[in-house]
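Source file: run.txt; contents: compact mmCIF, C-alpha atoms (C1' of nucleotides).
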```
# COMPACT_ATOMS: atom_id res chain seq x y z
CA MET A 1349 16.69 -3.92 73.67
CA GLU A 1350 17.49 -0.31 74.32
CA LYS A 1351 20.08 -0.52 71.56
CA ALA A 1352 17.70 -2.23 69.17
CA PHE A 1353 15.06 0.45 69.51
CA LYS A 1354 17.59 3.25 69.22
CA ALA A 1355 18.96 1.58 66.13
CA LEU A 1356 15.49 1.32 64.60
CA ALA A 1357 14.64 4.95 65.32
CA SER A 1358 16.44 6.19 62.25
CA ASN A 1359 15.20 6.31 58.71
CA PRO A 1360 18.52 5.55 57.03
CA ARG A 1361 18.99 2.58 59.33
CA ARG A 1362 15.57 1.14 58.62
CA ARG A 1363 16.27 1.64 54.93
CA ILE A 1364 19.49 -0.30 55.31
CA LEU A 1365 17.55 -3.16 56.86
CA ASN A 1366 15.07 -3.07 54.02
CA HIS A 1367 17.83 -3.27 51.46
CA LEU A 1368 19.35 -6.17 53.30
CA ALA A 1369 16.01 -7.94 53.22
CA GLY A 1370 16.95 -8.73 49.63
CA GLY A 1371 20.01 -10.65 50.80
CA PRO A 1372 23.50 -10.10 52.22
CA MET A 1373 25.48 -7.13 50.93
CA THR A 1374 28.83 -5.46 51.28
CA VAL A 1375 29.10 -2.01 52.82
CA GLY A 1376 29.81 -0.57 49.39
CA GLU A 1377 26.70 -2.11 47.88
CA ILE A 1378 24.60 -0.71 50.68
CA ALA A 1379 26.22 2.70 50.42
CA ALA A 1380 25.52 2.80 46.68
CA GLN A 1381 21.81 3.06 47.49
CA PHE A 1382 22.26 6.21 49.52
CA ASP A 1383 23.23 9.77 48.83
CA MET A 1384 25.40 9.87 51.91
CA ALA A 1385 29.12 9.69 52.55
CA MET A 1386 30.60 6.28 53.12
CA PRO A 1387 31.64 6.87 56.73
CA SER A 1388 28.11 7.87 57.64
CA ILE A 1389 26.76 4.64 56.20
CA SER A 1390 29.48 2.70 57.92
CA LYS A 1391 28.46 4.28 61.21
CA HIS A 1392 24.81 3.43 60.71
CA ILE A 1393 25.73 -0.13 59.91
CA SER A 1394 27.82 -0.40 63.02
CA VAL A 1395 24.95 0.90 65.13
CA LEU A 1396 22.74 -1.83 63.69
CA HIS A 1397 25.42 -4.44 64.20
CA ASP A 1398 26.06 -3.27 67.73
CA ALA A 1399 22.36 -3.68 68.45
CA GLY A 1400 22.60 -7.30 67.33
CA LEU A 1401 20.46 -6.64 64.28
CA LEU A 1402 23.10 -7.54 61.68
CA HIS A 1403 25.48 -10.40 61.11
CA ARG A 1404 28.98 -9.57 59.92
CA GLN A 1405 31.21 -11.66 57.73
CA LYS A 1406 34.51 -10.78 56.13
CA ARG A 1407 35.44 -11.83 52.60
CA GLY A 1408 38.88 -10.57 51.68
CA GLN A 1409 38.84 -6.84 52.14
CA GLU A 1410 35.07 -6.66 51.92
CA VAL A 1411 32.67 -6.89 54.79
CA ILE A 1412 29.34 -8.55 54.16
CA TYR A 1413 26.37 -7.76 56.33
CA SER A 1414 23.10 -9.62 56.59
CA ILE A 1415 20.01 -9.29 58.74
CA ALA A 1416 19.90 -11.04 62.09
CA ALA A 1417 16.21 -11.67 61.62
CA ASP A 1418 15.89 -13.68 64.80
CA ASN A 1419 17.20 -10.95 67.03
CA LEU A 1420 15.15 -8.37 65.26
CA ALA A 1421 11.98 -10.41 65.65
CA ASN A 1422 12.71 -11.47 69.20
CA SER A 1423 13.38 -7.92 70.34
CA LEU A 1424 10.11 -6.66 68.96
CA TYR A 1425 8.04 -9.66 70.06
CA SER A 1426 9.34 -9.61 73.58
CA PHE A 1427 8.71 -5.90 73.79
CA LEU A 1428 5.16 -6.42 72.58
CA THR A 1429 4.51 -9.23 75.03
CA PRO A 1430 3.02 -7.10 77.83
CA PHE A 1431 0.58 -5.45 75.46
CA CYS A 1432 -0.50 -8.09 73.05
CA PRO A 1433 -1.55 -11.73 73.72
CA GLU A 1434 -0.58 -13.05 70.29
CA ALA A 1435 2.91 -11.63 70.69
CA ARG A 1436 3.17 -13.45 73.99
CA GLU A 1437 2.38 -16.77 72.30
CA ILE A 1438 4.77 -16.15 69.45
CA ALA A 1439 7.55 -15.02 71.76
CA ALA A 1440 7.11 -18.20 73.79
CA GLU A 1441 7.22 -20.38 70.69
CA ARG A 1442 10.29 -18.66 69.35
CA LYS A 1443 12.01 -19.04 72.67
CA LEU A 1444 11.29 -22.77 72.69
CA SER A 1445 12.35 -23.42 69.11
CA SER A 1446 15.64 -21.59 69.48
CA GLU A 1447 17.22 -22.37 72.82
CA ASP A 1448 20.32 -20.31 72.01
CA SER A 1449 20.12 -17.74 74.77
CA THR A 1450 21.13 -14.59 73.04
CA ASP A 1451 20.67 -11.15 74.43
CA GLY A 1452 19.17 -9.90 77.58
CA ASP A 1453 18.63 -6.30 78.34
CA MET B 332 5.88 4.59 61.56
CA GLU B 333 8.79 6.96 61.76
CA LYS B 334 7.08 8.59 64.72
CA ALA B 335 6.32 5.27 66.38
CA PHE B 336 9.94 4.14 66.25
CA LYS B 337 11.23 7.49 67.44
CA ALA B 338 8.75 7.34 70.28
CA LEU B 339 9.88 3.84 71.24
CA ALA B 340 13.56 4.77 71.18
CA SER B 341 13.47 6.23 74.66
CA ASN B 342 13.70 4.42 77.94
CA PRO B 343 11.31 6.67 79.85
CA ARG B 344 8.75 6.34 77.07
CA ARG B 345 8.95 2.56 77.00
CA ARG B 346 8.59 2.60 80.77
CA ILE B 347 5.47 4.71 80.44
CA LEU B 348 4.02 2.13 78.07
CA ASN B 349 4.87 -0.62 80.51
CA HIS B 350 3.13 1.17 83.33
CA LEU B 351 0.10 1.68 81.15
CA ALA B 352 0.04 -2.03 80.42
CA GLY B 353 -1.53 -2.29 83.88
CA GLY B 354 -4.45 -0.16 82.77
CA PRO B 355 -5.38 3.46 81.97
CA MET B 356 -3.81 6.19 84.11
CA THR B 357 -3.81 9.93 84.56
CA VAL B 358 -0.70 11.94 83.80
CA GLY B 359 -0.17 12.45 87.51
CA GLU B 360 -0.31 8.72 88.22
CA ILE B 361 2.21 8.07 85.51
CA ALA B 362 4.48 10.86 86.69
CA ALA B 363 4.41 9.47 90.24
CA GLN B 364 6.40 6.47 89.00
CA PHE B 365 9.24 8.65 87.76
CA ASP B 366 11.86 10.85 89.30
CA MET B 367 11.37 13.45 86.63
CA ALA B 368 9.62 16.81 86.45
CA MET B 369 6.00 16.80 85.33
CA PRO B 370 6.52 18.75 82.13
CA SER B 371 9.10 16.23 81.01
CA ILE B 372 6.65 13.38 81.56
CA SER B 373 3.94 15.36 79.87
CA LYS B 374 6.20 15.80 76.86
CA HIS B 375 7.03 12.11 76.69
CA ILE B 376 3.36 11.27 76.85
CA SER B 377 2.59 13.67 74.06
CA VAL B 378 5.30 12.13 71.89
CA LEU B 379 3.70 8.72 72.44
CA HIS B 380 0.25 10.10 71.77
CA ASP B 381 1.45 11.90 68.68
CA ALA B 382 2.84 8.62 67.40
CA GLY B 383 -0.60 7.07 67.77
CA LEU B 384 0.55 4.81 70.57
CA LEU B 385 -1.75 6.19 73.28
CA HIS B 386 -5.43 6.98 73.57
CA ARG B 387 -6.43 10.14 75.36
CA GLN B 388 -9.58 10.81 77.35
CA LYS B 389 -10.49 13.74 79.55
CA ARG B 390 -12.28 13.36 82.87
CA GLY B 391 -12.81 16.73 84.48
CA GLN B 392 -9.45 18.34 84.77
CA GLU B 393 -7.63 15.04 84.54
CA VAL B 394 -6.41 13.43 81.36
CA ILE B 395 -6.43 9.67 81.20
CA TYR B 396 -4.10 7.85 78.85
CA SER B 397 -4.23 4.24 77.77
CA ILE B 398 -2.28 2.12 75.34
CA ALA B 399 -3.34 2.00 71.70
CA ALA B 400 -2.29 -1.63 71.54
CA ASP B 401 -3.52 -2.10 68.00
CA ASN B 402 -1.43 0.69 66.60
CA LEU B 403 1.57 -0.41 68.58
CA ALA B 404 1.25 -3.99 67.36
CA ASN B 405 0.44 -3.04 63.79
CA SER B 406 3.42 -0.74 63.51
CA LEU B 407 5.83 -3.39 64.69
CA TYR B 408 4.27 -6.24 62.74
CA SER B 409 4.17 -4.35 59.51
CA PHE B 410 7.75 -3.29 59.98
CA LEU B 411 8.75 -6.91 60.59
CA THR B 412 6.90 -8.16 57.53
CA PRO B 413 9.81 -7.98 55.07
CA PHE B 414 12.06 -9.91 57.41
CA CYS B 415 9.92 -12.51 59.02
CA PRO B 416 7.26 -14.82 57.52
CA GLU B 417 5.22 -15.25 60.70
CA ALA B 418 4.95 -11.48 61.04
CA ARG B 419 3.65 -11.33 57.49
CA GLU B 420 0.87 -13.76 58.36
CA ILE B 421 -0.03 -11.98 61.54
CA ALA B 422 0.01 -8.58 59.90
CA ALA B 423 -2.33 -9.90 57.21
CA GLU B 424 -4.70 -11.37 59.79
CA ARG B 425 -4.75 -8.19 61.82
CA LYS B 426 -5.46 -6.18 58.74
CA LEU B 427 -8.40 -8.42 57.86
CA SER B 428 -9.95 -8.35 61.30
CA SER B 429 -9.58 -4.60 61.54
CA GLU B 430 -11.42 -4.22 58.23
CA ASP B 431 -14.16 -6.46 59.67
CA SER B 432 -14.69 -4.80 63.00
CA THR B 433 -14.49 -1.09 62.51
CA ASP B 434 -13.82 -0.37 66.16
CA GLY B 435 -13.06 3.28 66.21
CA ASP B 436 -10.55 5.03 68.42
C1' DC C 55 57.69 -2.96 49.58
C1' DT C 56 54.41 -0.15 47.24
C1' DT C 57 50.04 0.69 45.30
C1' DG C 58 45.08 0.50 45.22
C1' DC C 59 40.64 -0.50 47.04
C1' DA C 60 37.15 -1.31 50.95
C1' DT C 61 36.13 -0.11 55.28
C1' DT C 62 36.67 2.15 59.62
C1' DT C 63 38.25 5.78 62.90
C1' DA C 64 39.05 10.70 64.30
C1' DG C 65 37.76 15.23 64.76
C1' DA C 66 34.76 19.12 63.77
C1' DT C 67 30.28 21.15 63.30
C1' DA C 68 25.25 21.42 62.96
C1' DT C 69 21.01 19.58 64.38
C1' DT C 70 17.99 17.16 67.56
C1' DT C 71 16.64 15.50 71.95
C1' DT C 72 16.18 15.76 76.82
C1' DC C 73 15.25 17.91 80.82
C1' DC C 74 14.70 21.74 83.84
C1' DT C 75 12.24 26.12 85.78
C1' DA C 76 8.77 29.42 85.12
C1' DC C 77 4.45 30.45 83.32
C1' DT C 78 -0.20 29.58 81.20
C1' DT C 79 -4.58 27.17 80.56
C1' DA C 80 -8.54 24.89 82.21
C1' DG C 81 -11.71 22.63 85.43
C1' DG C 82 -13.92 22.31 89.97
C1' DA C 83 -15.16 24.21 94.49
C1' DA C 84 -15.74 27.81 98.11
C1' DT D 921 -14.84 36.04 91.67
C1' DT D 922 -10.91 33.75 93.86
C1' DC D 923 -8.29 29.73 95.09
C1' DC D 924 -6.46 25.21 94.21
C1' DT D 925 -5.04 21.48 91.42
C1' DA D 926 -4.00 18.88 86.85
C1' DA D 927 -1.98 19.28 82.61
C1' DG D 928 0.42 21.57 78.99
C1' DT D 929 3.48 25.39 76.86
C1' DA D 930 7.69 28.34 76.42
C1' DG D 931 12.37 29.08 76.54
C1' DG D 932 16.90 27.71 77.31
C1' DA D 933 21.09 24.80 78.84
C1' DA D 934 23.32 20.40 78.35
C1' DA D 935 23.86 16.05 76.18
C1' DA D 936 23.37 13.03 72.38
C1' DT D 937 23.17 12.20 67.24
C1' DA D 938 24.13 12.85 62.41
C1' DT D 939 27.01 14.08 58.98
C1' DC D 940 31.01 15.69 56.71
C1' DT D 941 36.25 15.66 55.38
C1' DA D 942 40.68 13.84 56.26
C1' DA D 943 43.45 10.25 57.90
C1' DA D 944 44.19 5.42 59.28
C1' DT D 945 43.66 0.38 58.88
C1' DG D 946 43.41 -4.05 56.58
C1' DC D 947 43.84 -6.92 52.58
C1' DA D 948 45.35 -8.48 48.06
C1' DA D 949 48.07 -7.99 43.89
C1' DG D 950 52.13 -6.52 41.33
```
Write the structure described by the file as structure tokens, please.
Amino acid sequence: MEKAFKALASNPRRRILNHLAGGPMTVGEIAAQFDMAMPSISKHISVLHDAGLLHRQKRGQEVIYSIAADNLANSLYSFLTPFCPEAREIAAERKLSSEDSTDGD
Amino acid sequence: MEKAFKALASNPRRRILNHLAGGPMTVGEIAAQFDMAMPSISKHISVLHDAGLLHRQKRGQEVIYSIAADNLANSLYSFLTPFCPEAREIAAERKLSSEDSTDGD
DNA sequence: CTTGCATTTAGATATTTTCCTACTTAGGAA
DNA sequence: TTCCTAAGTAGGAAAATATCTAAATGCAAG
């Protein structure tokens, strides 16, 4: 969860997520939306991926990233749980419906 | 929202929020939970407050902070909206009920 | 094998964040 | 006033982050 929040604490990284909300993309397609050198984008993407917020898939020499919506949602819901009753309910439901134990932190 | 995510990207600050989940506290009470100098805690608190995540109330020479749960939840829900249908619904509901009951803070 | 393209890694530098000590502000009481 | 305590500010050192250019890696085609 530490990693997820650190990953989300950056404007370019949140923008990357927003672009990916439109569907999976290659690194190049993502980078095309930014006025930033490719390696910087690549680094941001890897921070997001490392936080479990992106899925990665290779196609030839391209790498396609897509949002790991479940991890994103679960991280935020479980963080909200102590503060917010509705988040507690939702977090519980999500946990039930997907029994794939993913991250702990 | 930028501020909220930056504020949440720090372990000590998330710990402060978790302590405050137990109820309002003075700066001193919060600081007592940490092995960190007072000014550092004070700074963390002010980052959280500046992000709209804490309410502030003075009582004599003490300052009492409490969680601004609504802002916390709204920030995260509205961020999640593009990625997650249930967040969209919840965000919409929250927005409605906050227009209804103008509870000031 | 060589060339070309997509992505990542390495290394350098500038900015930001974190945390400390020392000092200031402000309220309450003697 | 003077003293004490709670909280915040100022300034600076150390660590972490962001970003760049240059070089390396991986893959596919000729």
Per residue of chain C within 9 Å of chain B, record the nearest atom pair and its distance in Å to one decimal, counting only C-alpha atoms (C1' of nucleotides), with rows in chain order and ascending residue number, as a tab-separated table.
```
residue	atom	partner	partner_atom	distance
C:DT72	C1'	B:Ser371	CA	8.2
C:DC73	C1'	B:Ser371	CA	6.4
C:DC74	C1'	B:Ala368	CA	7.5
C:DA80	C1'	B:Gln392	CA	7.1
C:DG81	C1'	B:Gln392	CA	4.9
C:DG82	C1'	B:Gly391	CA	7.9
```
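The two atoms in question, atom CA of A:Ser1426 and atom CA of A:Ala1439, are spaced 6.0 Å apart.
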Open item on the list: Please find the residues of chain A near chain B - the criterion being any atom within 6 Å, counting only C-alpha atoms - and write them as a list in words.
Closed with: Phe1353, Lys1354 and Ala1357 of chain A
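Least-squares superposition puts chain A on chain B with a C-alpha RMSD of 3.0 Å, counting every Cα pair in order.
Nearest residue to D:DT945 among C:DT61, C:DT75, C:DT67, C:DA84 is C:DT61, counting all atoms listed in the file.
Atom CA of B:Glu424 sits 18.5 Å away from atom CA of A:Glu1441.
Between atom CA of A:Glu1377 and atom C1' of C:DT70 the separation is 28.9 Å.
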Open item on the list: as a ChimeraX atom specification, could you give me every residue of chain D near chain B (at most 10 Å apart, counting all atoms listed in the file)?
Closed with: /D:925-929
- [ ] Would you kindly identify which residues have an atom no farther than 9 Å from (43.4, 10.9, 58.9), using only C-alpha atoms (C1' of nucleotides) and the file's own coordinates, and write them out as a PyMOL selection string?
- [x] (chain C and resi 63-64) or (chain D and resi 942-944)
TODO: Find the residues around D:DA949 up to 12 Å (all atoms listed in the file counted), leave out those fewer than 3 positions away in its own chain, and share them as a PyMOL selection string.
DONE: chain C and resi 56-59
Residue selection dump (C-alpha atoms (C1' of nucleotides)) as an mmCIF file, keeping the file's coordinate frame:
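The result, written out as again_1.cif:
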```
data_model
loop_
_atom_site.group_PDB
_atom_site.id
_atom_site.type_symbol
_atom_site.label_atom_id
_atom_site.label_comp_id
_atom_site.auth_asym_id
_atom_site.auth_seq_id
_atom_site.Cartn_x
_atom_site.Cartn_y
_atom_site.Cartn_z
ATOM 1 C "C1'" DT C 56 54.410 -0.150 47.240
ATOM 2 C "C1'" DT C 57 50.040 0.690 45.300
ATOM 3 C "C1'" DG C 58 45.080 0.500 45.220
ATOM 4 C "C1'" DC C 59 40.640 -0.500 47.040
#
```
Per-axis box centre and lengths in Å around stretch 940-948 of chain D, 8 Å margin per side, axis-aligned, as lines of an AutoDock Vina configuration file:
```
center_x = 38.2
center_y = 3.6
center_z = 53.7
size_x = 30.3
size_y = 40.2
size_z = 27.2
```
